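Peer 1: Hey, dropping work_29.cif in here, mmCIF, C-alpha atoms:
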data_data
loop_
_atom_site.label_atom_id
_atom_site.label_comp_id
_atom_site.auth_asym_id
_atom_site.auth_seq_id
_atom_site.Cartn_x
_atom_site.Cartn_y
_atom_site.Cartn_z
CA MET H 252 -10.12 -9.91 -21.38
CA ALA H 253 -12.23 -9.08 -18.34
CA ARG H 254 -14.25 -6.00 -17.45
CA ILE H 255 -13.01 -5.02 -13.98
CA VAL H 256 -14.22 -2.29 -11.64
CA VAL H 257 -11.47 -1.37 -9.16
CA CYS H 258 -12.39 0.48 -5.97
CA GLY H 259 -9.81 2.21 -3.80
CA TYR H 260 -8.68 5.32 -1.93
CA MET H 261 -6.87 7.47 -4.49
CA ILE H 262 -9.22 10.42 -4.94
CA ARG H 263 -9.78 11.06 -1.24
CA HIS H 264 -6.08 10.86 -0.34
CA PRO H 265 -4.06 11.87 -3.41
CA LEU H 266 -0.55 11.77 -1.91
CA ALA H 267 2.10 9.94 -3.90
CA GLY H 268 2.76 6.94 -1.66
CA ASN H 269 -0.93 6.24 -1.23
CA LEU H 270 -1.67 6.80 -4.90
CA MET H 271 0.91 4.27 -6.02
CA ALA H 272 -0.46 1.59 -3.69
CA TYR H 273 -3.65 1.59 -5.77
CA PHE H 274 -2.37 2.82 -9.13
CA HIS H 275 -0.20 -0.27 -9.58
CA TYR H 276 -3.43 -2.32 -9.69
CA LEU H 277 -4.98 -0.04 -12.31
CA LEU H 278 -1.88 0.26 -14.45
CA GLY H 279 -1.06 -3.43 -14.15
CA LEU H 280 -4.54 -4.62 -15.10
CA TYR H 281 -4.67 -2.10 -17.94
CA ARG H 282 -1.32 -3.24 -19.34
CA LEU H 283 -2.48 -6.84 -19.14
CA GLY H 284 -5.28 -5.88 -21.51
CA HIS H 285 -8.28 -5.76 -19.18
CA ARG H 286 -11.05 -3.15 -19.48
CA VAL H 287 -10.73 -1.27 -16.21
CA VAL H 288 -12.96 1.32 -14.51
CA TYR H 289 -11.97 3.06 -11.29
CA MET H 290 -14.66 3.88 -8.70
CA GLU H 291 -14.51 5.47 -5.29
CA GLU H 292 -17.09 6.73 -2.80
CA SER H 293 -16.88 9.32 -0.03
CA GLY H 294 -17.10 6.90 2.90
CA TRP H 295 -17.44 9.54 5.63
CA PRO H 296 -17.93 13.32 5.91
CA SER H 297 -14.98 15.58 4.95
CA SER H 298 -13.00 12.60 3.66
CA CYS H 299 -11.26 14.37 0.75
CA TYR H 300 -7.77 15.78 1.32
CA ASP H 301 -6.51 18.67 -0.79
CA PRO H 302 -2.69 18.57 -0.73
CA VAL H 303 -2.40 22.15 -1.98
CA ARG H 304 -4.66 23.67 0.65
CA LYS H 305 -3.64 21.02 3.18
CA GLU H 306 -7.21 20.63 4.37
CA TYR H 307 -10.06 18.14 4.33
CA GLY H 308 -13.48 18.70 2.81
CA ASP H 309 -16.26 17.03 0.85
CA SER H 310 -15.17 18.05 -2.64
CA PRO H 311 -13.21 15.43 -4.62
CA SER H 312 -12.04 18.01 -7.17
CA ALA H 313 -8.38 18.07 -6.09
CA GLY H 314 -8.13 14.30 -5.98
CA LEU H 315 -9.88 13.86 -9.32
CA ARG H 316 -7.53 16.37 -10.93
CA ILE H 317 -4.43 14.61 -9.56
CA VAL H 318 -5.62 11.11 -10.47
CA ARG H 319 -6.61 12.19 -13.99
CA ARG H 320 -3.17 13.74 -14.48
CA LEU H 321 -1.57 10.53 -13.26
CA MET H 322 -3.58 8.55 -15.80
CA GLU H 323 -2.55 10.94 -18.57
CA ASP H 324 1.13 10.76 -17.61
CA TYR H 325 1.11 6.99 -18.01
CA ARG H 326 -1.25 6.98 -21.02
CA VAL H 327 -3.92 5.04 -19.19
CA ASP H 328 -7.42 5.35 -20.62
CA ILE H 329 -9.50 4.38 -17.57
CA PRO H 330 -12.88 5.97 -16.73
CA LEU H 331 -13.13 7.45 -13.23
CA CYS H 332 -16.25 7.68 -11.09
CA TYR H 333 -16.65 9.24 -7.65
CA PHE H 334 -19.87 8.93 -5.64
CA HIS H 335 -20.84 11.02 -2.60
CA ARG H 336 -22.91 8.73 -0.41
CA GLU H 337 -24.69 11.51 1.52
CA SER H 338 -25.77 13.76 -1.36
CA GLY H 339 -25.95 11.09 -4.06
CA ASP H 340 -23.87 13.30 -6.36
CA THR H 341 -21.49 11.65 -8.79
CA TRP H 342 -18.42 12.84 -10.71
CA GLY H 343 -17.26 11.19 -13.91
CA MET H 344 -20.49 9.38 -14.78
CA GLU H 345 -24.19 9.59 -14.01
CA PRO H 346 -25.65 7.31 -11.28
CA THR H 347 -27.51 5.19 -13.82
CA GLU H 348 -24.34 4.69 -15.85
CA MET H 349 -22.38 3.87 -12.71
CA ARG H 350 -24.85 1.13 -11.80
CA ARG H 351 -24.84 -0.22 -15.36
CA VAL H 352 -21.02 -0.41 -15.36
CA ILE H 353 -21.06 -2.30 -12.05
CA ALA H 354 -23.75 -4.71 -13.23
CA ASP H 355 -21.93 -5.42 -16.51
CA ALA H 356 -18.52 -5.97 -14.91
CA ASP H 357 -17.00 -9.42 -14.67
CA LEU H 358 -15.38 -8.46 -11.37
CA LEU H 359 -15.53 -5.78 -8.71
CA LEU H 360 -12.10 -5.66 -7.03
CA ASN H 361 -12.26 -3.70 -3.78
CA VAL H 362 -8.68 -2.82 -2.88
CA GLY H 363 -8.35 -1.86 0.77
CA GLY H 364 -12.03 -2.15 1.61
CA VAL H 365 -12.52 1.56 2.29
CA CYS H 366 -15.36 1.78 -0.24
CA TRP H 367 -18.73 0.14 0.03
CA LEU H 368 -22.07 0.77 -1.69
CA SER H 369 -25.05 -1.54 -1.87
CA ASP H 370 -24.83 -1.07 -5.64
CA PHE H 371 -21.68 -3.20 -5.57
CA LEU H 372 -23.97 -6.21 -5.18
CA LEU H 373 -25.05 -5.65 -8.80
CA CYS H 374 -21.74 -7.20 -9.83
CA GLN H 375 -21.94 -10.98 -9.70
CA ARG H 376 -18.30 -11.54 -8.71
CA ARG H 377 -16.67 -9.49 -5.95
CA ALA H 378 -13.25 -9.75 -4.30
CA LEU H 379 -11.66 -7.89 -1.40
CA VAL H 380 -7.95 -7.12 -1.02
CA ASP H 381 -7.05 -6.55 2.63
CA MET H 382 -4.08 -4.15 2.78
CA ASP H 383 -4.16 -3.73 6.56
CA PRO H 384 -4.08 -7.18 8.18
CA PHE H 385 -5.29 -7.53 11.76
CA PHE H 386 -7.02 -4.14 11.65
CA THR H 387 -9.33 -5.44 8.90
CA GLN H 388 -10.03 -8.76 10.60
CA ILE H 389 -10.95 -7.18 13.95
CA GLY H 390 -13.36 -4.77 12.24
CA ARG H 391 -11.31 -1.58 12.37
CA PHE H 392 -11.61 -1.28 8.56
CA ALA H 393 -13.62 -2.79 5.70
CA ILE H 394 -16.44 -3.82 8.03
CA GLU H 395 -19.14 -2.59 5.62
CA GLY H 396 -19.96 -5.36 3.18
CA LEU H 397 -17.35 -7.68 4.64
CA ASP H 398 -19.57 -10.73 4.11
CA GLU H 399 -20.41 -9.82 0.52
CA TYR H 400 -17.40 -11.15 -1.37
CA GLN H 401 -16.65 -14.43 -3.09
CA ALA H 402 -12.88 -14.16 -2.61
CA TYR H 403 -10.75 -12.60 0.12
CA PHE H 404 -7.09 -11.66 -0.37
CA THR H 405 -4.71 -10.24 2.20
CA TYR H 406 -1.20 -8.83 2.52
CA GLY H 407 -1.13 -10.76 5.82
CA ALA H 408 0.33 -13.79 4.10
CA ASN H 409 0.47 -15.85 7.30
CA ILE H 410 -3.22 -15.50 8.25
CA GLY H 411 -4.68 -18.94 8.91
CA ARG H 412 -1.23 -20.46 9.41
CA THR H 413 0.22 -21.73 12.67
CA GLY H 414 1.92 -18.91 14.55
CA CYS H 415 -0.20 -16.08 13.18
CA GLN H 416 -2.47 -14.53 15.80
CA ILE H 417 -4.87 -12.73 13.46
CA PRO H 418 -8.47 -14.00 13.63
CA THR H 419 -9.95 -15.24 10.36
CA ARG H 420 -13.59 -14.29 11.06
CA GLY H 421 -14.50 -17.64 9.52
CA LYS H 422 -13.13 -16.70 6.11
CA THR H 423 -10.41 -18.13 3.94
CA TRP H 424 -7.86 -15.36 3.42
CA LEU H 425 -5.78 -15.97 0.31
CA PRO H 426 -2.23 -14.60 0.56
CA THR H 427 -1.17 -12.01 -1.98
CA VAL H 428 1.47 -9.29 -2.22
CA PRO H 429 1.44 -5.65 -3.29
CA PRO H 430 1.87 -5.55 -7.07
CA VAL H 431 4.32 -3.18 -8.72
CA VAL H 432 4.88 -2.15 -12.33
CA PRO H 433 8.70 -2.27 -12.38
CA GLU H 434 9.18 -0.49 -15.68
CA ILE H 435 7.95 2.86 -14.30
CA TRP H 436 10.65 2.96 -11.60
CA ALA H 437 14.14 4.28 -12.30
CA THR H 438 17.08 1.99 -11.52
CA LYS H 439 20.07 4.35 -11.77
CA SER H 440 22.48 3.68 -8.90
CA ALA H 441 21.87 5.98 -5.95
CA GLY H 442 24.64 8.55 -5.56
CA SER H 443 26.51 7.02 -8.50
CA GLU H 444 29.61 9.13 -7.90
CA ASN H 445 29.76 8.11 -4.25
CA PRO H 446 26.96 5.65 -3.41
CA GLY H 447 28.02 5.51 0.23
CA LYS H 448 26.80 9.08 0.76
CA ALA H 449 23.14 8.37 -0.07
CA PRO H 450 20.98 7.88 3.05
CA PHE H 451 18.81 4.95 3.95
CA THR H 452 15.28 6.35 3.96
CA THR H 453 11.63 5.52 4.37
CA VAL H 454 8.33 7.39 4.14
CA ALA H 455 5.95 6.59 7.00
CA ASN H 456 2.86 7.66 8.89
CA TRP H 457 4.15 8.00 12.44
CA ASN H 458 1.05 6.93 14.35
CA ALA H 459 -1.58 6.55 11.60
CA TYR H 460 -4.94 6.01 13.34
CA GLY H 461 -3.44 4.95 16.68
CA GLY H 462 -3.31 1.65 18.48
CA VAL H 463 -6.20 -0.58 19.48
CA ASP H 464 -6.97 -2.96 22.33
CA TYR H 465 -8.11 -6.43 21.31
CA GLU H 466 -8.85 -9.23 23.74
CA GLY H 467 -6.82 -7.53 26.44
CA VAL H 468 -3.73 -6.86 24.30
CA ARG H 469 -2.56 -3.51 22.95
CA TYR H 470 -1.62 -3.42 19.26
CA GLY H 471 0.18 -0.31 18.08
CA GLN H 472 1.62 1.50 15.11
CA LYS H 473 5.10 2.30 13.79
CA ASP H 474 5.96 4.97 16.35
CA GLN H 475 6.81 2.58 19.17
CA GLU H 476 8.85 0.36 16.85
CA PHE H 477 11.00 3.24 15.63
CA LEU H 478 11.55 4.53 19.17
CA ALA H 479 12.58 1.04 20.27
CA LEU H 480 15.58 1.24 17.91
CA GLY H 481 17.17 3.84 20.16
CA ASP H 482 20.43 5.31 18.87
CA LEU H 483 20.81 2.88 15.96
CA PRO H 484 21.76 5.64 13.45
CA GLY H 485 24.70 6.67 15.62
CA ARG H 486 25.88 3.08 15.82
CA THR H 487 25.86 2.62 12.05
CA GLY H 488 27.86 5.68 11.08
CA HIS H 489 25.51 5.93 8.07
CA LYS H 490 22.90 8.62 7.49
CA MET H 491 19.38 7.37 8.28
CA GLU H 492 16.44 9.55 7.26
CA LEU H 493 12.73 9.33 8.04
CA ALA H 494 10.12 11.21 6.00
CA LEU H 495 7.26 11.26 8.48
CA ALA H 496 3.62 12.26 8.49
CA ASN H 497 1.82 13.13 11.74
CA ALA H 498 4.90 13.15 13.96
CA ASP H 499 4.64 15.85 16.65
CA SER H 500 7.56 18.03 17.69
CA ALA H 501 8.32 15.93 20.78
CA ALA H 502 8.66 12.74 18.73
CA THR H 503 10.70 14.53 16.08
CA GLN H 504 13.13 15.90 18.64
CA GLU H 505 13.53 12.51 20.30
CA LEU H 506 14.33 10.92 16.94
CA LYS H 507 16.86 13.62 16.11
CA ARG H 508 18.56 13.14 19.47
CA SER H 509 18.90 9.46 18.57
CA GLY H 510 20.65 10.37 15.32
CA TRP H 511 17.81 10.21 12.79
CA SER H 512 17.44 12.83 10.10
CA VAL H 513 13.73 13.75 9.98
CA VAL H 514 11.84 15.50 7.17
CA GLY H 515 8.14 15.94 6.56
CA ALA H 516 6.47 13.31 4.42
CA ALA H 517 4.73 16.07 2.46
CA GLU H 518 8.13 17.24 1.21
CA VAL H 519 8.63 14.01 -0.70
CA SER H 520 5.11 12.77 -1.43
CA ASN H 521 3.08 15.71 -2.70
CA ASP H 522 3.67 14.59 -6.30
CA ILE H 523 4.72 11.37 -8.00
CA ALA H 524 7.89 12.71 -9.63
CA THR H 525 9.30 13.98 -6.32
CA TYR H 526 8.38 10.71 -4.60
CA GLN H 527 10.09 8.60 -7.24
CA LYS H 528 13.18 10.82 -7.16
CA TYR H 529 13.39 10.52 -3.37
CA ILE H 530 13.34 6.73 -3.57
CA ALA H 531 15.79 6.61 -6.48
CA GLU H 532 18.28 8.84 -4.64
CA SER H 533 18.12 6.72 -1.47
CA ARG H 534 20.74 4.09 -0.72
CA GLY H 535 17.89 1.79 0.19
CA GLU H 536 14.94 1.58 2.53
CA PHE H 537 15.29 1.03 6.24
CA THR H 538 11.95 0.72 7.98
CA VAL H 539 9.93 -0.83 10.75
CA ALA H 540 6.40 -2.23 10.52
CA LYS H 541 3.30 -1.47 12.53
CA ASN H 542 3.55 -3.00 15.97
CA ALA H 543 0.36 -4.98 15.25
CA TYR H 544 1.87 -6.54 12.13
CA VAL H 545 4.94 -7.64 14.05
CA LYS H 546 3.17 -8.83 17.19
CA THR H 547 0.73 -11.02 15.25
CA ASN H 548 3.36 -12.52 12.90
CA SER H 549 1.14 -11.36 10.04
CA GLY H 550 3.55 -11.94 7.16
CA TRP H 551 2.81 -8.44 5.82
CA PHE H 552 5.10 -6.75 3.29
CA SER H 553 4.88 -3.08 2.38
CA ASP H 554 3.42 -1.62 -0.81
CA ARG H 555 5.95 1.21 -0.38
CA SER H 556 8.86 -1.19 -0.12
CA VAL H 557 8.06 -2.79 -3.46
CA CYS H 558 8.65 0.65 -5.02
CA TYR H 559 12.15 0.70 -3.52
CA LEU H 560 12.78 -2.81 -4.84
CA ALA H 561 11.56 -1.86 -8.32
CA SER H 562 13.99 1.09 -8.23
CA GLY H 563 16.81 -1.33 -7.51
CA ARG H 564 17.04 -0.26 -3.88
CA PRO H 565 17.54 -2.91 -1.18
CA VAL H 566 14.98 -3.01 1.62
CA ILE H 567 15.85 -3.59 5.27
CA MET H 568 12.58 -4.18 7.13
CA GLN H 569 11.51 -5.31 10.55
CA ASP H 570 10.32 -8.88 10.19
CA THR H 571 6.57 -9.41 10.38
CA GLY H 572 6.91 -13.07 9.49
CA PHE H 573 7.49 -12.31 5.79
CA SER H 574 10.80 -14.14 6.06
CA GLU H 575 8.70 -17.32 6.17
CA TRP H 576 7.67 -16.91 2.52
CA LEU H 577 10.00 -14.31 0.95
CA PRO H 578 13.68 -15.01 0.18
CA THR H 579 15.74 -12.74 2.44
CA GLY H 580 19.41 -12.06 2.99
CA GLU H 581 20.06 -10.09 -0.20
CA GLY H 582 17.82 -7.48 -1.80
CA VAL H 583 15.40 -7.83 1.12
CA LEU H 584 16.83 -8.20 4.61
CA ALA H 585 14.75 -8.87 7.74
CA PHE H 586 15.56 -7.92 11.35
CA SER H 587 13.93 -8.39 14.71
CA THR H 588 16.53 -6.82 17.04
CA VAL H 589 18.75 -3.75 16.91
CA ASP H 590 21.83 -5.92 16.53
CA GLU H 591 20.22 -7.74 13.60
CA ALA H 592 19.34 -4.37 12.04
CA LEU H 593 22.98 -3.30 12.31
CA GLY H 594 24.04 -6.55 10.68
CA CYS H 595 21.62 -5.98 7.81
CA ILE H 596 22.99 -2.49 7.18
CA GLU H 597 26.54 -3.85 7.19
CA GLN H 598 25.58 -6.60 4.74
CA VAL H 599 24.00 -4.11 2.32
CA ASN H 600 27.01 -1.80 2.51
CA SER H 601 29.47 -4.65 1.96
CA ARG H 602 27.67 -6.00 -1.14
CA TYR H 603 25.75 -2.94 -2.26
CA PHE H 604 25.45 -3.47 -6.00
CA ALA H 605 24.63 -7.17 -5.61
CA ASN H 606 21.84 -6.17 -3.23
CA CYS H 607 20.56 -3.64 -5.78
CA ARG H 608 20.44 -6.27 -8.52
CA THR H 609 18.63 -8.76 -6.31
CA ALA H 610 16.17 -6.09 -5.20
CA ARG H 611 15.14 -5.45 -8.79
CA GLU H 612 14.91 -9.19 -9.49
CA LEU H 613 12.58 -9.66 -6.52
CA ALA H 614 10.44 -6.76 -7.72
CA GLU H 615 10.00 -8.39 -11.10
CA GLU H 616 9.71 -12.05 -10.13
CA ILE H 617 7.66 -11.90 -6.90
CA PHE H 618 5.96 -8.49 -6.83
CA GLY H 619 5.71 -7.72 -10.53
CA TYR H 620 2.17 -7.21 -11.82
CA ARG H 621 2.65 -9.88 -14.48
CA ALA H 622 3.05 -12.44 -11.69
CA VAL H 623 0.72 -11.10 -8.99
CA LEU H 624 -2.38 -10.01 -10.87
CA PRO H 625 -2.93 -13.04 -13.17
CA ALA H 626 -2.54 -15.35 -10.16
CA MET H 627 -5.11 -13.29 -8.25
CA LEU H 628 -7.57 -13.33 -11.14
CA ASP H 629 -7.17 -17.08 -11.63
CA SER H 630 -8.11 -17.59 -7.96
CA ILE H 631 -11.12 -15.32 -8.33
CA TRP H 632 -12.46 -17.04 -11.45
CA GLU H 633 -12.40 -20.32 -9.53
CA HIS H 634 -14.95 -18.98 -7.03
CA ARG H 635 -18.67 -19.23 -7.73
CA ALA H 636 -20.34 -15.99 -8.83
CA THR H 637 -23.51 -14.93 -7.05
CA GLN H 638 -25.64 -11.85 -6.59
CA VAL H 639 -26.58 -12.65 -3.02
CA SER H 640 -24.62 -12.62 0.20
CA ILE H 641 -22.39 -15.60 0.97
#
Show this structure as structure tokens.
Peer 2:
Amino acid sequence: MARIVVCGYMIRHPLAGNLMAYFHYLLGLYRLGHRVVYMEESGWPSSCYDPVRKEYGDSPSAGLRIVRRLMEDYRVDIPLCYFHRESGDTWGMEPTEMRRVIADADLLLNVGGVCWLSDFLLCQRRALVDMDPFFTQIGRFAIEGLDEYQAYFTYGANIGRTGCQIPTRGKTWLPTVPPVVPEIWATKSAGSENPGKAPFTTVANWNAYGGVDYEGVRYGQKDQEFLALGDLPGRTGHKMELALANADSAATQELKRSGWSVVGAAEVSNDIATYQKYIAESRGEFTVAKNAYVKTNSGWFSDRSVCYLASGRPVIMQDTGFSEWLPTGEGVLAFSTVDEALGCIEQVNSRYFANCRTARELAEEIFGYRAVLPAMLDSIWEHRATQVSI
């Protein structure tokens, strides 16, 4: 089995949805028998969020405590290391040990690309997983060290294919999907006494880091896509709920006028148990994608949505081009217009339990860690290892 250093964004932003996006890699690799170490660096000043104090600072203590508890809960024996790039301080291991671990690793897997240290070059084989297609390729994220990998993976499964407008930056982007560990997600039927009463939900960052202009075109976030749905909840006759982060009062009121139920994302994502319960008690997920993902036909699929699927919850998602590679129509349903969205909701409601079964099957067969991670590693081992830039 391989020695793998995984880098990510768990300690700095220890909210449940974000944690699970990275933890599935750690837990999956660990359960496959690999020797895993988790490393993270500060990246920028005041990058560490404390969900109890609800404030940012330089101390990783809150994040380290939460991540360590998560590891304990799932009986994962993985060393953690956090490095502060300005002070040179480390938590979890001394700097010399950190460098030795990197140098001895068979692979450094940088998930998300929001960590970069020159010490990463000590590892002879490095791979990047792009979780934010388009924004990564135009240099909004992961720009540090972008040329220093032997393999490049992306959730933008259509990058490099006809019809996808995302630039490649001269690199071969290998399509991958967010992995999930299905066995840690409950599959009890939502609202088992009366499943029709459970709401369709999603957890989303309303405007994230804002839109960007690229080559004269504006590429936005989820806010404009949700607002474009208008009064869809009123037309369905079914409760539709959004758990939102960073939505101001004006946006919240507009959504409520359109029939959405709106709660704060912090209410459902401050801890893993509450987050899992919220998903399990949903009828399914109804969500849009970032405007940039849709506009570029990226092929992106959500790391949050795979958690719904693993819980046996159908996912209705705005199509980003994922319908070109993912079976849709049951378990996962894709829409591009309001009328198509209404049709998807009707289809789920008319064949609810069949949709739940198919959702779980998709989670295991397409997004399950036993399928995703070995395929990724096989691709990486095929690439030539080197200690110098490509």
Peer 1: Name the residues that the PyMOL selection byres ((chain H and resi 330-341) around 10) picks from the file above, as JSON, numbers by chain, using the file's chain letters and numbers.
Peer 2: {"H": [256, 257, 258, 262, 263, 286, 287, 288, 289, 290, 291, 292, 293, 294, 295, 296, 309, 310, 311, 312, 315, 318, 319, 322, 327, 328, 329, 342, 343, 344, 345, 346, 348, 349, 367, 368]}
Peer 1: For range 516-523 of chain H, find every residue with an atom within 10 Å (counting only C-alpha atoms), except residues of its own chain fewer than 3 positions away, and show them as a PDB file with C-alpha atoms, in the coordinates of the input.
Peer 2:
ATOM      1  CA  PRO H 265      -4.060  11.870  -3.410  1.00  0.00           C
ATOM      2  CA  LEU H 266      -0.550  11.770  -1.910  1.00  0.00           C
ATOM      3  CA  ALA H 267       2.100   9.940  -3.900  1.00  0.00           C
ATOM      4  CA  GLY H 268       2.760   6.940  -1.660  1.00  0.00           C
ATOM      5  CA  ASN H 269      -0.930   6.240  -1.230  1.00  0.00           C
ATOM      6  CA  LEU H 270      -1.670   6.800  -4.900  1.00  0.00           C
ATOM      7  CA  MET H 271       0.910   4.270  -6.020  1.00  0.00           C
ATOM      8  CA  PRO H 302      -2.690  18.570  -0.730  1.00  0.00           C
ATOM      9  CA  VAL H 303      -2.400  22.150  -1.980  1.00  0.00           C
ATOM     10  CA  LYS H 305      -3.640  21.020   3.180  1.00  0.00           C
ATOM     11  CA  ILE H 317      -4.430  14.610  -9.560  1.00  0.00           C
ATOM     12  CA  LEU H 321      -1.570  10.530 -13.260  1.00  0.00           C
ATOM     13  CA  THR H 453      11.630   5.520   4.370  1.00  0.00           C
ATOM     14  CA  VAL H 454       8.330   7.390   4.140  1.00  0.00           C
ATOM     15  CA  ALA H 455       5.950   6.590   7.000  1.00  0.00           C
ATOM     16  CA  ASN H 456       2.860   7.660   8.890  1.00  0.00           C
ATOM     17  CA  TRP H 457       4.150   8.000  12.440  1.00  0.00           C
ATOM     18  CA  LEU H 493      12.730   9.330   8.040  1.00  0.00           C
ATOM     19  CA  ALA H 494      10.120  11.210   6.000  1.00  0.00           C
ATOM     20  CA  LEU H 495       7.260  11.260   8.480  1.00  0.00           C
ATOM     21  CA  ALA H 496       3.620  12.260   8.490  1.00  0.00           C
ATOM     22  CA  ASN H 497       1.820  13.130  11.740  1.00  0.00           C
ATOM     23  CA  ALA H 498       4.900  13.150  13.960  1.00  0.00           C
ATOM     24  CA  VAL H 513      13.730  13.750   9.980  1.00  0.00           C
ATOM     25  CA  TYR H 526       8.380  10.710  -4.600  1.00  0.00           C
ATOM     26  CA  GLN H 527      10.090   8.600  -7.240  1.00  0.00           C
ATOM     27  CA  LYS H 528      13.180  10.820  -7.160  1.00  0.00           C
ATOM     28  CA  TYR H 529      13.390  10.520  -3.370  1.00  0.00           C
ATOM     29  CA  ILE H 530      13.340   6.730  -3.570  1.00  0.00           C
TER      30      ILE H 530
END
Peer 1: Could you check which residues have any atom within 12 Å of (-8.9, -14.6, -7.1), counting only C-alpha atoms with coordinates taken straight from the file, and then list them as a PDB file with C-alpha atoms, keeping the file's coordinate frame?
Peer 2:
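Saved to result33.pdb:
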ATOM      1  CA  LEU H 358     -15.380  -8.460 -11.370  1.00  0.00           C
ATOM      2  CA  LEU H 359     -15.530  -5.780  -8.710  1.00  0.00           C
ATOM      3  CA  LEU H 360     -12.100  -5.660  -7.030  1.00  0.00           C
ATOM      4  CA  ASN H 361     -12.260  -3.700  -3.780  1.00  0.00           C
ATOM      5  CA  ARG H 376     -18.300 -11.540  -8.710  1.00  0.00           C
ATOM      6  CA  ARG H 377     -16.670  -9.490  -5.950  1.00  0.00           C
ATOM      7  CA  ALA H 378     -13.250  -9.750  -4.300  1.00  0.00           C
ATOM      8  CA  LEU H 379     -11.660  -7.890  -1.400  1.00  0.00           C
ATOM      9  CA  VAL H 380      -7.950  -7.120  -1.020  1.00  0.00           C
ATOM     10  CA  TYR H 400     -17.400 -11.150  -1.370  1.00  0.00           C
ATOM     11  CA  GLN H 401     -16.650 -14.430  -3.090  1.00  0.00           C
ATOM     12  CA  ALA H 402     -12.880 -14.160  -2.610  1.00  0.00           C
ATOM     13  CA  TYR H 403     -10.750 -12.600   0.120  1.00  0.00           C
ATOM     14  CA  PHE H 404      -7.090 -11.660  -0.370  1.00  0.00           C
ATOM     15  CA  THR H 405      -4.710 -10.240   2.200  1.00  0.00           C
ATOM     16  CA  THR H 423     -10.410 -18.130   3.940  1.00  0.00           C
ATOM     17  CA  TRP H 424      -7.860 -15.360   3.420  1.00  0.00           C
ATOM     18  CA  LEU H 425      -5.780 -15.970   0.310  1.00  0.00           C
ATOM     19  CA  PRO H 426      -2.230 -14.600   0.560  1.00  0.00           C
ATOM     20  CA  THR H 427      -1.170 -12.010  -1.980  1.00  0.00           C
ATOM     21  CA  VAL H 623       0.720 -11.100  -8.990  1.00  0.00           C
ATOM     22  CA  LEU H 624      -2.380 -10.010 -10.870  1.00  0.00           C
ATOM     23  CA  PRO H 625      -2.930 -13.040 -13.170  1.00  0.00           C
ATOM     24  CA  ALA H 626      -2.540 -15.350 -10.160  1.00  0.00           C
ATOM     25  CA  MET H 627      -5.110 -13.290  -8.250  1.00  0.00           C
ATOM     26  CA  LEU H 628      -7.570 -13.330 -11.140  1.00  0.00           C
ATOM     27  CA  ASP H 629      -7.170 -17.080 -11.630  1.00  0.00           C
ATOM     28  CA  SER H 630      -8.110 -17.590  -7.960  1.00  0.00           C
ATOM     29  CA  ILE H 631     -11.120 -15.320  -8.330  1.00  0.00           C
ATOM     30  CA  TRP H 632     -12.460 -17.040 -11.450  1.00  0.00           C
ATOM     31  CA  GLU H 633     -12.400 -20.320  -9.530  1.00  0.00           C
ATOM     32  CA  HIS H 634     -14.950 -18.980  -7.030  1.00  0.00           C
ATOM     33  CA  ARG H 635     -18.670 -19.230  -7.730  1.00  0.00           C
ATOM     34  CA  ALA H 636     -20.340 -15.990  -8.830  1.00  0.00           C
TER      35      ALA H 636
END
Peer 1: Pick out the residues sitting within 10 Å of range 577-579 of chain H, and hand them over as a PyMOL selection string; count only C-alpha atoms, and ignore anything fewer than 5 positions along from it in its own chain.
Peer 2: chain H and resi 550+552+566-567+572+584-585+613+617
Peer 1: Quote the spacing between CA of Cys299 in chain H and CA of Cys366 in chain H in Å to one decimal place.
Peer 2: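 Taking CA of Cys299 in chain H and CA of Cys366 in chain H, their separation equals 13.3 Å.
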Peer 1: Any chance you could work out the residue set of the PyMOL selection byres ((chain H and resi 616) around 12) here, as a JSON list (two decimals) with C-alpha atoms, keeping the file's coordinate frame?
Peer 2:
[["chain", "number", "residue", "atom", "x", "y", "z"],
["H", 428, "VAL", "CA", 1.47, -9.29, -2.22],
["H", 430, "PRO", "CA", 1.87, -5.55, -7.07],
["H", 431, "VAL", "CA", 4.32, -3.18, -8.72],
["H", 432, "VAL", "CA", 4.88, -2.15, -12.33],
["H", 433, "PRO", "CA", 8.70, -2.27, -12.38],
["H", 557, "VAL", "CA", 8.06, -2.79, -3.46],
["H", 560, "LEU", "CA", 12.78, -2.81, -4.84],
["H", 561, "ALA", "CA", 11.56, -1.86, -8.32],
["H", 577, "LEU", "CA", 10.00, -14.31, 0.95],
["H", 578, "PRO", "CA", 13.68, -15.01, 0.18],
["H", 609, "THR", "CA", 18.63, -8.76, -6.31],
["H", 610, "ALA", "CA", 16.17, -6.09, -5.20],
["H", 611, "ARG", "CA", 15.14, -5.45, -8.79],
["H", 612, "GLU", "CA", 14.91, -9.19, -9.49],
["H", 613, "LEU", "CA", 12.58, -9.66, -6.52],
["H", 614, "ALA", "CA", 10.44, -6.76, -7.72],
["H", 615, "GLU", "CA", 10.00, -8.39, -11.10],
["H", 617, "ILE", "CA", 7.66, -11.90, -6.90],
["H", 618, "PHE", "CA", 5.96, -8.49, -6.83],
["H", 619, "GLY", "CA", 5.71, -7.72, -10.53],
["H", 620, "TYR", "CA", 2.17, -7.21, -11.82],
["H", 621, "ARG", "CA", 2.65, -9.88, -14.48],
["H", 622, "ALA", "CA", 3.05, -12.44, -11.69],
["H", 623, "VAL", "CA", 0.72, -11.10, -8.99]]
Peer 1: For a quick check of understanding, using only C-alpha atoms, which of H:Gly308, H:Gly510, H:Pro429, H:Gly364 has the smallest distance to Gly279 in chain H?
Peer 2: H:Pro429
Peer 1: With all atoms listed in the file counted, which protein, DNA or RNA residues have an atom no more than 10 Å from (-8.6, -10.7, 19.3) in the file frame? Please answer as number ranges by chain.
Peer 2: H: 385, 388-389, 416-418, 464-468
